[in-house]
>>> print(open('work.pdb').read())   # PDB, C-alpha atoms and all ligand atoms
ATOM      1  CA  MET A  24     -55.994 -33.583 -69.620
ATOM      2  CA  GLN A  25     -53.627 -30.856 -70.727
ATOM      3  CA  VAL A  26     -53.115 -27.811 -68.485
ATOM      4  CA  ILE A  27     -52.148 -24.679 -70.420
ATOM      5  CA  THR A  28     -51.128 -21.400 -68.781
ATOM      6  CA  SER A  29     -49.814 -19.413 -71.747
ATOM      7  CA  ILE A  30     -52.201 -17.503 -74.032
ATOM      8  CA  GLN A  31     -49.954 -18.092 -77.025
ATOM      9  CA  GLU A  32     -49.877 -21.845 -76.471
ATOM     10  CA  MET A  33     -53.646 -21.996 -75.933
ATOM     11  CA  GLN A  34     -54.356 -20.087 -79.144
ATOM     12  CA  LYS A  35     -51.882 -22.214 -81.124
ATOM     13  CA  THR A  36     -53.427 -25.426 -79.770
ATOM     14  CA  SER A  37     -56.944 -24.233 -80.654
ATOM     15  CA  LEU A  38     -55.850 -23.228 -84.170
ATOM     16  CA  GLU A  39     -54.378 -26.709 -84.657
ATOM     17  CA  ILE A  40     -57.600 -28.358 -83.442
ATOM     18  CA  LYS A  41     -59.735 -26.156 -85.712
ATOM     19  CA  ARG A  42     -57.498 -26.908 -88.708
ATOM     20  CA  THR A  43     -58.436 -30.606 -88.439
ATOM     21  CA  GLY A  44     -62.133 -29.657 -88.671
ATOM     22  CA  ALA A  45     -62.812 -30.616 -85.033
ATOM     23  CA  THR A  46     -65.101 -28.468 -82.868
ATOM     24  CA  ILE A  47     -64.267 -26.776 -79.566
ATOM     25  CA  GLY A  48     -66.658 -26.185 -76.677
ATOM     26  CA  CYS A  49     -65.537 -23.722 -74.049
ATOM     27  CA  VAL A  50     -66.638 -23.300 -70.431
ATOM     28  CA  PRO A  51     -65.473 -20.027 -68.832
ATOM     29  CA  THR A  52     -65.216 -20.355 -65.036
ATOM     30  CA  MET A  53     -63.609 -18.825 -61.967
ATOM     31  CA  GLY A  54     -62.909 -22.287 -60.554
ATOM     32  CA  PHE A  55     -63.680 -23.930 -57.212
ATOM     33  CA  PHE A  56     -65.807 -26.361 -59.160
ATOM     34  CA  HIS A  57     -69.178 -27.688 -58.055
ATOM     35  CA  ARG A  58     -71.823 -29.688 -59.920
ATOM     36  CA  GLY A  59     -73.032 -26.519 -61.676
ATOM     37  CA  HIS A  60     -69.642 -26.184 -63.391
ATOM     38  CA  LEU A  61     -69.526 -29.922 -64.082
ATOM     39  CA  SER A  62     -72.916 -29.788 -65.831
ATOM     40  CA  LEU A  63     -71.547 -27.161 -68.243
ATOM     41  CA  MET A  64     -68.523 -29.365 -68.929
ATOM     42  CA  GLU A  65     -70.835 -32.323 -69.631
ATOM     43  CA  GLY A  66     -72.926 -30.149 -71.931
ATOM     44  CA  SER A  67     -69.825 -29.169 -73.856
ATOM     45  CA  ARG A  68     -68.544 -32.738 -74.090
ATOM     46  CA  ALA A  69     -71.853 -33.906 -75.509
ATOM     47  CA  GLU A  70     -71.746 -31.420 -78.398
ATOM     48  CA  ASN A  71     -68.079 -30.850 -79.241
ATOM     49  CA  ASP A  72     -64.948 -32.818 -80.113
ATOM     50  CA  PHE A  73     -62.811 -30.883 -77.599
ATOM     51  CA  THR A  74     -63.756 -29.218 -74.344
ATOM     52  CA  VAL A  75     -61.653 -26.354 -73.027
ATOM     53  CA  VAL A  76     -62.407 -25.091 -69.507
ATOM     54  CA  SER A  77     -60.901 -21.766 -68.518
ATOM     55  CA  LEU A  78     -60.176 -21.131 -64.863
ATOM     56  CA  PHE A  79     -59.475 -17.495 -64.139
ATOM     57  CA  VAL A  80     -60.593 -15.405 -61.180
ATOM     58  CA  ASN A  81     -61.056 -12.289 -63.265
ATOM     59  CA  PRO A  82     -59.999  -9.174 -61.305
ATOM     60  CA  THR A  83     -61.805  -6.724 -63.622
ATOM     61  CA  GLN A  84     -65.251  -8.076 -62.754
ATOM     62  CA  PHE A  85     -64.805  -7.467 -59.012
ATOM     63  CA  GLY A  86     -65.484  -4.082 -57.440
ATOM     64  CA  GLU A  87     -62.959  -2.491 -55.105
ATOM     65  CA  ASN A  88     -64.737  -3.595 -51.936
ATOM     66  CA  GLU A  89     -65.671  -7.027 -53.216
ATOM     67  CA  ASP A  90     -64.306 -10.502 -52.511
ATOM     68  CA  PHE A  91     -61.554 -10.889 -55.138
ATOM     69  CA  ASP A  92     -58.891 -11.737 -52.526
ATOM     70  CA  GLU A  93     -61.091 -14.116 -50.522
ATOM     71  CA  TYR A  94     -62.657 -15.821 -53.560
ATOM     72  CA  PRO A  95     -62.160 -19.575 -52.983
ATOM     73  CA  ARG A  96     -59.332 -21.138 -54.991
ATOM     74  CA  ASP A  97     -58.102 -24.758 -55.110
ATOM     75  CA  LEU A  98     -56.301 -25.532 -58.344
ATOM     76  CA  GLU A  99     -55.327 -29.116 -57.462
ATOM     77  CA  ARG A 100     -58.907 -30.068 -56.586
ATOM     78  CA  ASP A 101     -60.226 -28.346 -59.731
ATOM     79  CA  LYS A 102     -57.680 -30.135 -61.948
ATOM     80  CA  ASP A 103     -58.789 -33.447 -60.520
ATOM     81  CA  LEU A 104     -62.516 -32.708 -60.998
ATOM     82  CA  ALA A 105     -62.012 -31.407 -64.551
ATOM     83  CA  GLU A 106     -59.935 -34.455 -65.481
ATOM     84  CA  LYS A 107     -62.621 -36.796 -64.099
ATOM     85  CA  ALA A 108     -65.268 -34.828 -66.040
ATOM     86  CA  GLY A 109     -63.398 -35.655 -69.262
ATOM     87  CA  VAL A 110     -62.189 -32.115 -69.982
ATOM     88  CA  ASP A 111     -59.489 -32.037 -72.688
ATOM     89  CA  ILE A 112     -57.764 -28.767 -71.794
ATOM     90  CA  LEU A 113     -57.777 -26.683 -68.616
ATOM     91  CA  PHE A 114     -56.674 -23.136 -69.451
ATOM     92  CA  VAL A 115     -55.351 -21.352 -66.360
ATOM     93  CA  PRO A 116     -53.792 -18.016 -67.334
ATOM     94  CA  ALA A 117     -51.987 -15.849 -64.770
ATOM     95  CA  PRO A 118     -53.538 -12.384 -64.144
ATOM     96  CA  GLY A 119     -50.434 -10.690 -65.572
ATOM     97  CA  GLU A 120     -50.821 -12.770 -68.735
ATOM     98  CA  MET A 121     -54.459 -11.688 -69.242
ATOM     99  CA  TYR A 122     -53.953  -8.060 -68.171
ATOM    100  CA  PRO A 123     -50.402  -6.909 -68.904
ATOM    101  CA  GLU A 124     -49.319  -3.464 -67.718
ATOM    102  CA  ASN A 125     -50.402  -1.518 -70.804
ATOM    103  CA  PHE A 126     -53.817  -3.207 -71.099
ATOM    104  CA  SER A 127     -56.420  -0.579 -72.034
ATOM    105  CA  THR A 128     -59.272  -2.094 -74.061
ATOM    106  CA  PHE A 129     -62.673  -2.947 -72.580
ATOM    107  CA  VAL A 130     -65.904  -4.304 -74.005
ATOM    108  CA  ASN A 131     -69.117  -2.810 -72.656
ATOM    109  CA  VAL A 132     -72.697  -3.889 -73.337
ATOM    110  CA  TYR A 133     -75.040  -0.962 -72.697
ATOM    111  CA  GLY A 134     -78.665  -1.075 -71.542
ATOM    112  CA  LEU A 135     -78.941  -4.660 -70.364
ATOM    113  CA  THR A 136     -76.212  -3.999 -67.793
ATOM    114  CA  ASP A 137     -77.858  -0.948 -66.204
ATOM    115  CA  GLU A 138     -79.780  -2.774 -63.524
ATOM    116  CA  MET A 139     -79.905  -5.863 -61.342
ATOM    117  CA  CYS A 140     -76.307  -7.074 -60.856
ATOM    118  CA  GLY A 141     -75.111  -4.197 -63.055
ATOM    119  CA  ALA A 142     -76.584  -1.633 -60.647
ATOM    120  CA  SER A 143     -75.374  -3.399 -57.495
ATOM    121  CA  ARG A 144     -71.929  -4.098 -58.910
ATOM    122  CA  PRO A 145     -70.850  -1.155 -61.122
ATOM    123  CA  GLY A 146     -68.292  -2.261 -63.718
ATOM    124  CA  HIS A 147     -68.963  -5.955 -63.116
ATOM    125  CA  PHE A 148     -70.348  -6.749 -66.571
ATOM    126  CA  ARG A 149     -67.697  -4.659 -68.296
ATOM    127  CA  GLY A 150     -65.168  -7.009 -66.667
ATOM    128  CA  VAL A 151     -67.186 -10.072 -67.671
ATOM    129  CA  THR A 152     -67.653  -9.087 -71.322
ATOM    130  CA  THR A 153     -64.018  -8.046 -71.617
ATOM    131  CA  VAL A 154     -62.671 -11.321 -70.256
ATOM    132  CA  VAL A 155     -65.159 -13.422 -72.234
ATOM    133  CA  SER A 156     -64.144 -11.589 -75.455
ATOM    134  CA  LYS A 157     -60.512 -12.323 -74.695
ATOM    135  CA  LEU A 158     -61.269 -15.979 -73.925
ATOM    136  CA  PHE A 159     -63.199 -16.337 -77.200
ATOM    137  CA  ASN A 160     -60.259 -14.886 -79.135
ATOM    138  CA  ILE A 161     -57.816 -17.165 -77.322
ATOM    139  CA  ILE A 162     -59.803 -20.435 -77.235
ATOM    140  CA  LEU A 163     -61.649 -19.959 -80.559
ATOM    141  CA  PRO A 164     -64.663 -22.022 -79.467
ATOM    142  CA  ASN A 165     -67.538 -23.094 -81.708
ATOM    143  CA  ARG A 166     -69.825 -23.095 -78.670
ATOM    144  CA  ALA A 167     -69.582 -21.620 -75.180
ATOM    145  CA  TYR A 168     -71.494 -22.789 -72.104
ATOM    146  CA  PHE A 169     -72.956 -20.534 -69.424
ATOM    147  CA  GLY A 170     -75.279 -21.197 -66.479
ATOM    148  CA  GLN A 171     -78.839 -19.862 -66.108
ATOM    149  CA  LYS A 172     -77.842 -19.248 -62.471
ATOM    150  CA  ASP A 173     -76.237 -16.001 -63.755
ATOM    151  CA  ALA A 174     -79.283 -15.112 -65.864
ATOM    152  CA  GLN A 175     -78.265 -11.531 -66.634
ATOM    153  CA  GLN A 176     -74.714 -12.578 -67.503
ATOM    154  CA  ALA A 177     -76.031 -15.103 -70.041
ATOM    155  CA  LEU A 178     -78.189 -12.408 -71.693
ATOM    156  CA  VAL A 179     -75.367  -9.868 -71.709
ATOM    157  CA  VAL A 180     -72.904 -12.336 -73.269
ATOM    158  CA  GLN A 181     -75.498 -13.356 -75.869
ATOM    159  CA  ARG A 182     -76.050  -9.665 -76.732
ATOM    160  CA  MET A 183     -72.284  -9.101 -77.053
ATOM    161  CA  VAL A 184     -71.861 -12.132 -79.317
ATOM    162  CA  GLU A 185     -74.634 -10.917 -81.602
ATOM    163  CA  ASP A 186     -73.513  -7.274 -81.609
ATOM    164  CA  LEU A 187     -69.819  -8.002 -82.201
ATOM    165  CA  ASN A 188     -70.400 -10.997 -84.516
ATOM    166  CA  PHE A 189     -68.391 -13.520 -82.554
ATOM    167  CA  PRO A 190     -68.708 -16.841 -84.434
ATOM    168  CA  VAL A 191     -69.673 -18.615 -81.205
ATOM    169  CA  GLU A 192     -72.952 -20.286 -80.251
ATOM    170  CA  ILE A 193     -73.988 -19.533 -76.670
ATOM    171  CA  ARG A 194     -75.592 -22.360 -74.731
ATOM    172  CA  VAL A 195     -77.350 -21.634 -71.456
ATOM    173  CA  MET A 196     -77.626 -24.603 -69.077
ATOM    174  CA  PRO A 197     -80.122 -25.101 -66.212
ATOM    175  CA  ILE A 198     -79.427 -24.129 -62.599
ATOM    176  CA  ILE A 199     -77.969 -27.000 -60.564
ATOM    177  CA  ARG A 200     -79.097 -27.037 -56.931
ATOM    178  CA  GLU A 201     -78.127 -28.698 -53.669
ATOM    179  CA  ASP A 202     -80.583 -31.380 -52.492
ATOM    180  CA  ASP A 203     -82.361 -28.834 -50.298
ATOM    181  CA  GLY A 204     -82.814 -26.373 -53.189
ATOM    182  CA  LEU A 205     -80.015 -23.841 -52.660
ATOM    183  CA  ALA A 206     -78.439 -22.968 -56.028
ATOM    184  CA  MET A 207     -74.852 -24.186 -56.146
ATOM    185  CA  SER A 208     -72.274 -21.405 -55.990
ATOM    186  CA  SER A 209     -68.593 -21.186 -55.139
ATOM    187  CA  ARG A 210     -69.633 -18.420 -52.724
ATOM    188  CA  ASN A 211     -71.765 -20.846 -50.661
ATOM    189  CA  THR A 212     -68.473 -21.821 -48.947
ATOM    190  CA  TYR A 213     -68.509 -18.401 -47.215
ATOM    191  CA  LEU A 214     -71.674 -19.288 -45.272
ATOM    192  CA  SER A 215     -71.573 -20.304 -41.599
ATOM    193  CA  LYS A 216     -73.837 -23.170 -40.548
ATOM    194  CA  ARG A 217     -76.535 -20.742 -39.408
ATOM    195  CA  GLU A 218     -76.198 -18.674 -42.605
ATOM    196  CA  ARG A 219     -76.389 -21.810 -44.744
ATOM    197  CA  GLU A 220     -79.759 -22.579 -43.132
ATOM    198  CA  ALA A 221     -80.886 -18.991 -43.621
ATOM    199  CA  ALA A 222     -79.880 -19.075 -47.314
ATOM    200  CA  LEU A 223     -82.610 -21.636 -47.943
ATOM    201  CA  VAL A 224     -85.064 -18.781 -47.791
ATOM    202  CA  ILE A 225     -83.897 -17.809 -51.303
ATOM    203  CA  PRO A 226     -85.123 -20.912 -53.194
ATOM    204  CA  LYS A 227     -88.139 -21.131 -50.864
ATOM    205  CA  SER A 228     -89.195 -17.584 -51.666
ATOM    206  CA  LEU A 229     -88.810 -18.204 -55.401
ATOM    207  CA  GLU A 230     -90.887 -21.367 -55.104
ATOM    208  CA  ALA A 231     -93.606 -19.341 -53.383
ATOM    209  CA  GLY A 232     -93.494 -16.857 -56.279
ATOM    210  CA  ARG A 233     -93.636 -19.643 -58.825
ATOM    211  CA  ALA A 234     -96.628 -21.215 -57.063
ATOM    212  CA  LEU A 235     -98.515 -17.923 -57.359
ATOM    213  CA  LEU A 236     -97.688 -17.707 -61.062
ATOM    214  CA  GLU A 237     -98.827 -21.274 -61.589
ATOM    215  CA  GLN A 238    -102.128 -20.403 -59.950
ATOM    216  CA  GLY A 239    -102.547 -17.812 -62.697
ATOM    217  CA  GLU A 240    -101.518 -14.602 -60.906
ATOM    218  CA  LYS A 241    -100.981 -11.947 -63.588
ATOM    219  CA  ARG A 242     -99.866  -8.998 -61.440
ATOM    220  CA  ALA A 243     -96.059  -8.871 -61.348
ATOM    221  CA  ALA A 244     -96.109  -6.640 -58.246
ATOM    222  CA  LEU A 245     -98.039  -9.240 -56.250
ATOM    223  CA  VAL A 246     -95.571 -11.962 -57.209
ATOM    224  CA  ALA A 247     -92.700  -9.731 -56.097
ATOM    225  CA  GLU A 248     -94.503  -8.913 -52.833
ATOM    226  CA  LYS A 249     -94.975 -12.587 -52.049
ATOM    227  CA  ILE A 250     -91.278 -13.345 -52.606
ATOM    228  CA  SER A 251     -90.226 -10.326 -50.583
ATOM    229  CA  ALA A 252     -92.511 -11.303 -47.681
ATOM    230  CA  VAL A 253     -90.962 -14.780 -47.477
ATOM    231  CA  ILE A 254     -87.390 -13.407 -47.538
ATOM    232  CA  LYS A 255     -88.172 -10.779 -44.896
ATOM    233  CA  ARG A 256     -89.196 -13.507 -42.462
ATOM    234  CA  GLU A 257     -85.511 -14.541 -42.280
ATOM    235  CA  PRO A 258     -83.586 -12.109 -40.055
ATOM    236  CA  LEU A 259     -80.182 -12.916 -41.601
ATOM    237  CA  ALA A 260     -81.410 -12.158 -45.129
ATOM    238  CA  CYS A 261     -81.439  -8.729 -46.746
ATOM    239  CA  ILE A 262     -82.750  -8.174 -50.289
ATOM    240  CA  ASP A 263     -80.320  -6.496 -52.687
ATOM    241  CA  TYR A 264     -82.766  -6.666 -55.604
ATOM    242  CA  LEU A 265     -85.913  -8.535 -56.493
ATOM    243  CA  VAL A 266     -87.240  -8.218 -60.033
ATOM    244  CA  VAL A 267     -89.976  -9.594 -62.251
ATOM    245  CA  LYS A 268     -89.010  -8.792 -65.831
ATOM    246  CA  ASP A 269     -89.435  -9.686 -69.456
ATOM    247  CA  ALA A 270     -86.891 -12.526 -69.792
ATOM    248  CA  VAL A 271     -85.610 -11.334 -73.176
ATOM    249  CA  THR A 272     -85.420  -7.539 -72.896
ATOM    250  CA  LEU A 273     -85.058  -7.275 -69.091
ATOM    251  CA  LYS A 274     -87.738  -4.571 -69.189
ATOM    252  CA  ASP A 275     -89.887  -4.257 -66.064
ATOM    253  CA  ILE A 276     -93.379  -5.639 -66.549
ATOM    254  CA  GLU A 277     -96.648  -5.021 -64.754
ATOM    255  CA  GLU A 278     -98.563  -7.889 -66.284
ATOM    256  CA  ILE A 279     -97.274 -11.476 -66.502
ATOM    257  CA  LYS A 280     -97.027 -12.276 -70.225
ATOM    258  CA  GLY A 281     -94.741 -14.473 -72.357
ATOM    259  CA  ARG A 282     -91.342 -15.438 -70.909
ATOM    260  CA  VAL A 283     -90.852 -13.894 -67.496
ATOM    261  CA  LEU A 284     -87.617 -13.753 -65.459
ATOM    262  CA  VAL A 285     -87.997 -13.666 -61.705
ATOM    263  CA  ALA A 286     -84.595 -12.939 -60.171
ATOM    264  CA  VAL A 287     -83.203 -12.051 -56.758
ATOM    265  CA  ALA A 288     -79.925 -11.082 -55.162
ATOM    266  CA  VAL A 289     -79.951 -11.509 -51.395
ATOM    267  CA  TRP A 290     -77.347 -10.766 -48.771
ATOM    268  CA  ILE A 291     -76.988 -13.544 -46.229
ATOM    269  CA  GLY A 292     -74.732 -11.883 -43.679
ATOM    270  CA  LYS A 293     -71.760 -10.670 -45.747
ATOM    271  CA  THR A 294     -72.398 -13.057 -48.650
ATOM    272  CA  ARG A 295     -74.411 -11.945 -51.654
ATOM    273  CA  LEU A 296     -76.209 -14.812 -53.403
ATOM    274  CA  ILE A 297     -78.271 -14.761 -56.601
ATOM    275  CA  ASP A 298     -80.997 -17.057 -57.878
ATOM    276  CA  ASN A 299     -83.805 -16.942 -60.427
ATOM    277  CA  PHE A 300     -86.325 -18.852 -62.478
ATOM    278  CA  ILE A 301     -88.032 -18.369 -65.805
ATOM    279  CA  PHE A 302     -91.779 -18.689 -66.037
ATOM    280  CA  GLU A 303     -93.385 -19.303 -69.415
ATOM    281  CA  SER A 304     -96.878 -17.946 -69.081
ATOM    282  CA  PRO A 305     -99.461 -19.997 -70.933
ATOM    283  CA  GLN A 306    -100.582 -18.530 -74.269
ATOM    284  CA  ARG A 307    -104.069 -17.080 -74.165
ATOM    285  CA  ARG A 308    -106.504 -18.902 -76.469
ATOM    286  CA  THR A 309    -107.922 -16.589 -79.121
TER     287      THR A 309
HETATM  288  P1  LIG A 401     -68.327 -19.018 -61.950
HETATM  289  O1  LIG A 401     -67.151 -19.924 -61.787
HETATM  290  O2  LIG A 401     -69.128 -18.834 -60.700
HETATM  291  O3  LIG A 401     -67.991 -17.730 -62.674
HETATM  292  O4  LIG A 401     -69.325 -19.783 -62.915
HETATM  293  C1  LIG A 401     -68.901 -20.288 -64.161
HETATM  294  C2  LIG A 401     -70.118 -20.693 -64.955
HETATM  295  O5  LIG A 401     -70.846 -21.681 -64.215
HETATM  296  C3  LIG A 401     -71.087 -19.531 -65.203
HETATM  297  O6  LIG A 401     -71.589 -19.625 -66.529
HETATM  298  C4  LIG A 401     -72.169 -19.778 -64.193
HETATM  299  O7  LIG A 401     -73.433 -19.273 -64.598
HETATM  300  C5  LIG A 401     -72.195 -21.295 -64.135
HETATM  301  N1  LIG A 401     -72.794 -21.742 -62.875
HETATM  302  C6  LIG A 401     -72.455 -21.326 -61.624
HETATM  303  N2  LIG A 401     -73.265 -21.905 -60.709
HETATM  304  C7  LIG A 401     -74.132 -22.685 -61.396
HETATM  305  C8  LIG A 401     -75.206 -23.538 -61.027
HETATM  306  N3  LIG A 401     -75.571 -23.710 -59.749
HETATM  307  N4  LIG A 401     -75.872 -24.193 -61.999
HETATM  308  C9  LIG A 401     -75.520 -24.028 -63.302
HETATM  309  N5  LIG A 401     -74.507 -23.243 -63.716
HETATM  310  C10 LIG A 401     -73.819 -22.583 -62.781
END
>>> encode(input="work.pdb", output="structure tokens")
Amino acid sequence: MQVITSIQEMQKTSLEIKRTGATIGCVPTMGFFHRGHLSLMEGSRAENDFTVVSLFVNPTQFGENEDFDEYPRDLERDKDLAEKAGVDILFVPAPGEMYPENFSTFVNVYGLTDEMCGASRPGHFRGVTTVVSKLFNIILPNRAYFGQKDAQQALVVQRMVEDLNFPVEIRVMPIIREDDGLAMSSRNTYLSKREREAALVIPKSLEAGRALLEQGEKRAALVAEKISAVIKREPLACIDYLVVKDAVTLKDIEEIKGRVLVAVAVWIGKTRLIDNFIFESPQRRT
């Protein structure tokens, strides 16, 4: 596995790969790899000749009072895991390389970023879409792999790619969970033992919501109430947002119809965790 830190070298290497007619799959990450990241790498390897994983804790997607400084980092461990996963190139740019002093261009997707994580974390998606645009221009991928865990991020990136005509296919991969159901996240390392137990309320509450939907419940508000009631039983948990939305437009819905996104962000102590599922409601017979 090659480790590249310079933008110029990365772009030159990608241009050389593309010139031979080979395809590139890219997996943008902030590192501290877990099986969620590894599943994206596997997805890329299965569909492309070369897999480039970027590892960059992107300062522009963190708010001022957020966890940029504490975000877990372990480059040696990540290199080892990426190498074992069969990654061809690990791209690890320095912050000064990605954002030099006179940097002043940002990419912003409007509308889709107004609520959920966009409302709780102002400026977050502007940082995400800016860094992803830069990574696409540097890595020149044919396909890019994102996790359904960050459901809104996947939709926002897809919107940006369509609106700005990036020649990149976006692939969204399923949420990978711990054995007990907690969605894998680099931020799970922040949790104390007691908080880790409390965090289980997140997947449990979503399962309760899903069970209602599977029983045929059509009132979105009742599904949300059920999920909220389960979370509120856990004293360490505090709901940041809980939404039942159209999975494509992110519009609020009253009646369960078509593809529905049920998503939550929950504070467990000082750690904010997100999780979601998509429910395909059965077509009505005519
Ligand atoms: P991050 O390093 O947290 O920015 O995540 C990098 C990519 O991995 C993003 O596309 C995430 O959506 C994806 N990802 C993170 N956690 C999971 C998970 N548990 N399952 C699947 N994909 C994930």
>>> residues_near_ligand(input="work.pdb", ligand="ligand LIG 401 (chain A)", cutoff="9 Å", atoms="all atoms listed in the file", output="MDAnalysis selection string")
chainID A and resid 50:63 78:81 168:174 176:177 195:201 205:210 298
>>> atom_distance(input="work.pdb", atom1="atom CA of A:Leu187", atom2="atom CA of A:Ala270")
21.6 Å
>>> residues_around(input="work.pdb", residues="stretch 143-160 of chain A", least_positions_apart="2", cutoff="7 Å", atoms="all atoms listed in the file", output="list in words")
Thr83, Gln84, Phe85, Gly86, Phe129, Val130, Asn131, Thr136, Met139, Cys140, Gly141, Ile162, Leu163, Pro164 and Val180 of chain A
>>> closest_residue(input="work.pdb", among="A:Lys268, A:Lys293, A:Arg182, A:Lys107", to="A:Leu135", atoms="all atoms listed in the file")
A:Arg182
>>> closest_residue(input="work.pdb", among="A:Gly204, A:Lys35, A:Ile30, A:Ala45", to="A:Tyr122", atoms="all atoms listed in the file")
A:Ile30
>>> resolve_selection(input="work.pdb", expression="the PyMOL selection byres (((chain A and resi 214) around 12) and not hetatm)", output="list in words")
Ser208, Ser209, Arg210, Asn211, Thr212, Tyr213, Ser215, Lys216, Arg217, Glu218, Arg219, Glu220, Ala221, Ala222, Leu223, Leu259, Trp290, Ile291, Gly292, Lys293, Thr294, Arg295 and Leu296 of chain A
>>> residues_near_point(input="work.pdb", point="(-46.5, -18.9, -69.6)", cutoff="10 Å", atoms="all atoms listed in the file", output="list of chain:residue names")
A:Ile27, A:Thr28, A:Ser29, A:Ile30, A:Gln31, A:Glu32, A:Val115, A:Pro116, A:Ala117, A:Gly119, A:Glu120
>>> write_last_selection(input="work.pdb", atoms="C-alpha atoms", output="PDB file, in the frame of the given file")
ATOM      1  CA  ILE A  27     -52.148 -24.679 -70.420  1.00  0.00           C
ATOM      2  CA  THR A  28     -51.128 -21.400 -68.781  1.00  0.00           C
ATOM      3  CA  SER A  29     -49.814 -19.413 -71.747  1.00  0.00           C
ATOM      4  CA  ILE A  30     -52.201 -17.503 -74.032  1.00  0.00           C
ATOM      5  CA  GLN A  31     -49.954 -18.092 -77.025  1.00  0.00           C
ATOM      6  CA  GLU A  32     -49.877 -21.845 -76.471  1.00  0.00           C
ATOM      7  CA  VAL A 115     -55.351 -21.352 -66.360  1.00  0.00           C
ATOM      8  CA  PRO A 116     -53.792 -18.016 -67.334  1.00  0.00           C
ATOM      9  CA  ALA A 117     -51.987 -15.849 -64.770  1.00  0.00           C
ATOM     10  CA  GLY A 119     -50.434 -10.690 -65.572  1.00  0.00           C
ATOM     11  CA  GLU A 120     -50.821 -12.770 -68.735  1.00  0.00           C
TER      12      GLU A 120
END
>>> resolve_selection(input="work.pdb", expression="the PyMOL selection byres (((chain A and resi 278-285) around 9) and not hetatm)", output="VMD selection string")
chain A and resid 174 229 232 to 233 236 240 to 244 246 to 247 265 to 271 273 276 to 277 286 to 287 298 to 306
>>> write_last_selection(input="work.pdb", atoms="C-alpha atoms", output="CSV table (one decimal), in the coordinates of the input")
chain,number,residue,atom,x,y,z
A,174,ALA,CA,-79.3,-15.1,-65.9
A,229,LEU,CA,-88.8,-18.2,-55.4
A,232,GLY,CA,-93.5,-16.9,-56.3
A,233,ARG,CA,-93.6,-19.6,-58.8
A,236,LEU,CA,-97.7,-17.7,-61.1
A,240,GLU,CA,-101.5,-14.6,-60.9
A,241,LYS,CA,-101.0,-11.9,-63.6
A,242,ARG,CA,-99.9,-9.0,-61.4
A,243,ALA,CA,-96.1,-8.9,-61.3
A,244,ALA,CA,-96.1,-6.6,-58.2
A,246,VAL,CA,-95.6,-12.0,-57.2
A,247,ALA,CA,-92.7,-9.7,-56.1
A,265,LEU,CA,-85.9,-8.5,-56.5
A,266,VAL,CA,-87.2,-8.2,-60.0
A,267,VAL,CA,-90.0,-9.6,-62.3
A,268,LYS,CA,-89.0,-8.8,-65.8
A,269,ASP,CA,-89.4,-9.7,-69.5
A,270,ALA,CA,-86.9,-12.5,-69.8
A,271,VAL,CA,-85.6,-11.3,-73.2
A,273,LEU,CA,-85.1,-7.3,-69.1
A,276,ILE,CA,-93.4,-5.6,-66.5
A,277,GLU,CA,-96.6,-5.0,-64.8
A,286,ALA,CA,-84.6,-12.9,-60.2
A,287,VAL,CA,-83.2,-12.1,-56.8
A,298,ASP,CA,-81.0,-17.1,-57.9
A,299,ASN,CA,-83.8,-16.9,-60.4
A,300,PHE,CA,-86.3,-18.9,-62.5
A,301,ILE,CA,-88.0,-18.4,-65.8
A,302,PHE,CA,-91.8,-18.7,-66.0
A,303,GLU,CA,-93.4,-19.3,-69.4
A,304,SER,CA,-96.9,-17.9,-69.1
A,305,PRO,CA,-99.5,-20.0,-70.9
A,306,GLN,CA,-100.6,-18.5,-74.3
>>> atom_distance(input="work.pdb", atom1="atom CA of A:Thr46", atom2="atom CA of A:Asp111")
12.2 Å
>>> atom_distance(input="work.pdb", atom1="atom CA of A:Phe91", atom2="atom CA of A:Met33")
24.9 Å
>>> closest_residue(input="work.pdb", among="A:Ala288, A:Val191, A:Ala108, A:Leu235", to="A:Ala167", atoms="all atoms listed in the file")
A:Val191
>>> residues_near_point(input="work.pdb", point="(-61.5, -28.8, -78.5)", cutoff="8 Å", atoms="only C-alpha atoms", output="ChimeraX atom specification")
/A:37,40-41,45-49,71-75,111-112,164
>>> axis_aligned_box(input="work.pdb", around="stretch 205-209 of chain A", padding_each_side="3 Å", output="lines of an AutoDock Vina configuration file")
center_x = -74.3
center_y = -22.7
center_z = -54.4
size_x = 17.4
size_y = 9.0
size_z = 9.5
>>> closest_residue(input="work.pdb", among="A:Asp92, A:Asp137, A:Glu230, A:Glu65", to="A:Ala105", atoms="only C-alpha atoms")
A:Glu65
